Amino acid sequence: MLRILSDLHHLDASSRVKRLDQLDPLLEGVDQLILNGDTCDTETGMTPSELAVVKDHFTTRVPAVIFLTGNHDPLISDTHELLLADGRVWVTHGDLFFDDVTPWSRLRPELVQRVADYFATSPGAGPDDITTRLLAHRHACAGLPREFDPTARSLLARVNRTLATLFPPRQLAAMLDAWRTLP
């Protein structure tokens with residue numbers, strides 16, 4: 001059995017998954033697991049040993065595990081996309097579908113600039129080339145400062161995160177528009 005999990009955001013205070021073993025029932029009987037980006041947040045000071053624990057958790061429970069990169073874990077692997085079922089199913093993290101990676105982010109201007117810089121230094125390939133687009137997005141996200149401390153779990157941190165999501169209203173509108181139009 002193949003299972004695909006995405007956006008676990010392990011170790012992020014807003015994730016509902018507080019411990020990796022909470023996922024164990026989803027791994028029972030699975031022969032191949034694809035973790036489709038944002039499994040964790042490698043850009044917020046996650047140590048190599050913490051990342052090894054995450055990878056080890058899945059690889060000791062499932063015979064074949066593939067980690068795809070996402071905008072929060074652009075360096076988790078060198079695999080950015082995957083074709084399944086003789087090329088009929090394409091798996092990649094969703095930020096690829098937005099020119100500005102995450103249109104609702106407060107860091108959007110920096111992301112747009114980083115993507116543009118990548119394309120400017122990659123002659124011959126543009127945003128319509130999927131492979132180059134994937135690399136541009138991973139380049140843009142690598143080393144990007146985070147908007148929030150992912151480990152902050154206090155009430156004040158949650159309130160601040162919620163307010164920062166809701167204001168300015170452009171962010172919430174962009175998020176809702178992305179969710180409305182992408183599918």
# chains A, B, ... in the order shown; residues from 1 in each chain; ligands from 1

call {"tool": "residues_around", "arguments": {"residues": "range 99-115 of chain A", "least_positions_apart": "4", "cutoff": "8 Å", "atoms": "only C-alpha atoms", "output": "ChimeraX atom specification"}}
result
/A:71,95,119,136-137,139-141,147,170-175,178

call {"tool": "residues_around", "arguments": {"residues": "Leu84 in chain A", "least_positions_apart": "3", "cutoff": "12 Å", "atoms": "only C-alpha atoms", "output": "PyMOL selection string"}}
result
chain A and resi 2+4+32+34+81+87-92

call {"tool": "atom_distance", "arguments": {"atom1": "CA of Asp7 in chain A", "atom2": "CA of Thr39 in chain A"}}
result
5.5 Å

call {"tool": "residues_around", "arguments": {"residues": "Asp21 in chain A", "least_positions_apart": "3", "cutoff": "12 Å", "atoms": "only C-alpha atoms", "output": "list in words"}}
result
His10, Val17, Lys18, Asp24, Pro25, Leu26, Leu27, Glu28, Val53, Val54, Asp56, His57, Phe58, Thr60 and Arg61 of chain A

call {"tool": "closest_residue", "arguments": {"among": "A:Asp41, A:Leu163, A:Asp78, A:Arg133", "to": "Pro145 in chain A", "atoms": "only C-alpha atoms"}}
result
A:Asp41

call {"tool": "atom_distance", "arguments": {"atom1": "CA of Gly94 in chain A", "atom2": "CA of Leu11 in chain A"}}
result
20.4 Å

call {"tool": "closest_residue", "arguments": {"among": "A:Glu43, A:Phe98, A:Arg16, A:Pro63", "to": "Thr181 in chain A", "atoms": "only C-alpha atoms"}}
result
A:Phe98
